[in-house]
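All remarks here apply to the structure that follows.
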Amino acid sequence: MTDKPRLPTGQTLTEDFPVLHCGDIPDFDANSWDFRIFGLVEREVALSYEQFLELPHDRITADFHCVTTWSRFDNMWEGVKSRTVVDLVVLKPEAKFVLIHCEQGYTTNLSLAEFLDDDVIFARKWSRADLTKEHGFPLRLVVPKLYAWKSAKWVRGIEFLGSDQRGFWERNGYHNHGDPWKEERYSSQE
């Protein structure tokens with residue numbers, strides 16, 4: 001059995017980091033920003049921006065694949081791993097999925113197992129610099145194994161769920177899973 005190729009079928013390698021999003025770039029106010037952890041947890045948690053900054057930070061280097069057919073190799077992300085955030089709460093046994101909540105009502109969904117992968121990170125920095133507003137400052141989820149719409153920008157919280165609930169793009173024509181090596185681009189492929 002051979003390893004999967006680094007560049008998925010249908011993708012083109014780029015050195016750029018294109019900016020794509022739906023809607024306006026939200027304003028950020030460190031004094032009013034919070035990060036909520038809720039849903040199927042024993043006790044909900046809300047962190048201020050300062051409290052989030054105090055969480056242990058890690059770095060990962062990972063490739064990034066956009067459904068619009070571009071890929072960028074070796075991105076260095078710095079932030080808080082998903083496992084670190086989950087350790088702040090006690091999950092109820094029925095929690096099997098997460099819904100990531102972002103500014104302006106944007107959401108994306110993941111299985112709990114994929115959310116807890118060791119390379120999933122709530123990024124604050126890219127290539128050693130703070131994320132730009134266009135790329136999700138102050139906080140972007142990065143899920144390297146899936147298409148980039150799962151790497152949601154402007155994250156504000158995590159909701160733990162017992163059953164899968166489609167997010168914004170998943171309700172609007174994109175595949176519910178989004179594996180680049182399987183070219184899971186559109187809901188018509190499910």
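Scheme for the structure tokens: letters A, B, ... for chains in order shown; per-chain residue numbers from 1; ligand numbers from 1 in order shown.
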#### Entry: Spatial neighbours of range 29-38 of chain A, 6 Å, only C-alpha atoms, chain gap at least 4 places, as a PyMOL selection string
chain A and resi 44-49+156-159
Output the selection as a PDB file, in the first residue's frame - C-alpha atoms for each residue.
```pdb
ATOM      1  CA  GLU A  44     -20.206  25.794  30.166  1.00  0.00           C
ATOM      2  CA  VAL A  45     -17.103  27.974  30.023  1.00  0.00           C
ATOM      3  CA  ALA A  46     -16.596  31.480  28.649  1.00  0.00           C
ATOM      4  CA  LEU A  47     -13.071  32.852  28.296  1.00  0.00           C
ATOM      5  CA  SER A  48     -12.131  36.491  27.821  1.00  0.00           C
ATOM      6  CA  TYR A  49      -9.496  37.347  25.226  1.00  0.00           C
ATOM      7  CA  ARG A 156     -15.998  32.533  18.960  1.00  0.00           C
ATOM      8  CA  GLY A 157     -16.899  29.132  20.378  1.00  0.00           C
ATOM      9  CA  ILE A 158     -17.433  25.397  20.278  1.00  0.00           C
ATOM     10  CA  GLU A 159     -20.741  23.629  20.756  1.00  0.00           C
TER      11      GLU A 159
END
```
### Task
Measuring atom to atom with only C-alpha atoms, identify which of A:Trp149, A:Trp169, A:Phe122, A:Phe64 is nearest to Lys81 in chain A.
A:Phe122
### Message
Which residues are near range 100-106 of chain A? Cut-off 10 Å, only C-alpha atoms, ignore same chain within fewer than 3 positions. Put them as number ranges by chain.
### Response
A: 22-28, 35-37, 97, 109-110, 115, 136, 139-141, 150-160, 167-169
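Across range 8-170 of chain A, DSSP run on the backbone finds alpha helix (DSSP H) at Tyr49, Glu50, Gln51, Phe52, Leu53, Ser82, Arg83, Thr84, Val85, Val86, Leu112, Ala113, Glu114, Phe115, Phe168, Trp169 and Glu170 of chain A.
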Emit the selected residues as an mmCIF file, in the first residue's frame, including C-alpha atoms.
```cif
data_model
loop_
_atom_site.group_PDB
_atom_site.id
_atom_site.type_symbol
_atom_site.label_atom_id
_atom_site.label_comp_id
_atom_site.auth_asym_id
_atom_site.auth_seq_id
_atom_site.Cartn_x
_atom_site.Cartn_y
_atom_site.Cartn_z
ATOM 1 C CA TYR A 49 -9.496 37.347 25.226
ATOM 2 C CA GLU A 50 -6.878 37.681 27.972
ATOM 3 C CA GLN A 51 -7.832 34.300 29.435
ATOM 4 C CA PHE A 52 -7.576 32.677 26.007
ATOM 5 C CA LEU A 53 -4.114 34.176 25.513
ATOM 6 C CA SER A 82 -8.157 21.678 20.243
ATOM 7 C CA ARG A 83 -7.311 19.100 22.925
ATOM 8 C CA THR A 84 -6.123 21.873 25.254
ATOM 9 C CA VAL A 85 -9.450 23.664 24.875
ATOM 10 C CA VAL A 86 -11.459 20.476 25.435
ATOM 11 C CA LEU A 112 -15.386 14.987 17.734
ATOM 12 C CA ALA A 113 -12.737 12.452 16.704
ATOM 13 C CA GLU A 114 -11.451 14.685 13.865
ATOM 14 C CA PHE A 115 -11.667 17.791 16.037
ATOM 15 C CA PHE A 168 -22.936 27.230 6.860
ATOM 16 C CA TRP A 169 -21.155 25.862 3.754
ATOM 17 C CA GLU A 170 -22.359 22.334 4.422
#
```
#### Entry: Test item, strand (DSSP E or B) assignment across chain A, answer as a PyMOL selection string
chain A and resi 12-13+34-39+41+45-48+58-65+70-81+91+97-102+107-111+121-126+129-130+140-142+155-161+174+186
Find the residues near range 9-12 of chain A: any atom within 6 Å, counting only C-alpha atoms, skip ones fewer than 5 places away on the same chain, and give them as an mmCIF file with N, CA and C atoms, in the first residue's frame.
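Ended up saving to around_26.cif:
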```cif
data_model
loop_
_atom_site.group_PDB
_atom_site.id
_atom_site.type_symbol
_atom_site.label_atom_id
_atom_site.label_comp_id
_atom_site.auth_asym_id
_atom_site.auth_seq_id
_atom_site.Cartn_x
_atom_site.Cartn_y
_atom_site.Cartn_z
ATOM 1 N N THR A 69 -9.424 24.727 -5.264
ATOM 2 C CA THR A 69 -8.368 23.989 -5.970
ATOM 3 C C THR A 69 -6.947 24.490 -5.750
ATOM 4 N N TRP A 70 -6.680 25.337 -4.780
ATOM 5 C CA TRP A 70 -5.295 25.686 -4.483
ATOM 6 C C TRP A 70 -4.871 25.028 -3.169
ATOM 7 N N SER A 71 -3.589 24.743 -3.095
ATOM 8 C CA SER A 71 -2.981 24.201 -1.882
ATOM 9 C C SER A 71 -1.701 24.972 -1.597
#
```
Any idea what's packed within 9 Å of range 162-165 of chain A, counting only C-alpha atoms, ignoring anything in its chain fewer than 3 positions away? Could you give it as a compact mmCIF listing (two decimals) with N, CA and C atoms, in the first residue's frame?
```txt
# COMPACT_ATOMS: atom_id res chain seq x y z
N LEU A 40 -22.99 19.90 25.08
CA LEU A 40 -22.96 18.70 25.90
C LEU A 40 -21.70 18.65 26.77
N PRO A 93 -21.01 12.04 27.95
CA PRO A 93 -20.68 10.86 27.12
C PRO A 93 -21.31 10.88 25.74
N GLU A 94 -22.44 11.54 25.60
CA GLU A 94 -23.13 11.55 24.30
C GLU A 94 -22.55 12.55 23.30
N ALA A 95 -21.56 13.33 23.69
CA ALA A 95 -20.93 14.29 22.78
C ALA A 95 -20.11 13.54 21.72
N LYS A 96 -20.50 13.69 20.46
CA LYS A 96 -19.83 12.99 19.35
C LYS A 96 -19.44 13.93 18.21
N PHE A 97 -19.96 15.17 18.23
CA PHE A 97 -19.70 16.13 17.16
C PHE A 97 -19.47 17.50 17.76
N VAL A 98 -18.85 18.38 16.97
CA VAL A 98 -18.71 19.77 17.36
C VAL A 98 -19.26 20.66 16.25
N LEU A 99 -19.80 21.78 16.65
CA LEU A 99 -20.19 22.85 15.74
C LEU A 99 -19.38 24.06 16.17
N THR A 108 -19.26 25.78 11.23
CA THR A 108 -18.80 24.59 10.50
C THR A 108 -18.80 23.42 11.47
N ASN A 109 -18.99 22.23 10.92
CA ASN A 109 -19.13 21.04 11.75
C ASN A 109 -17.99 20.05 11.53
N LEU A 110 -17.71 19.28 12.59
CA LEU A 110 -16.70 18.23 12.56
C LEU A 110 -17.13 17.11 13.50
N SER A 111 -16.66 15.91 13.22
CA SER A 111 -16.81 14.86 14.22
C SER A 111 -15.89 15.20 15.39
```
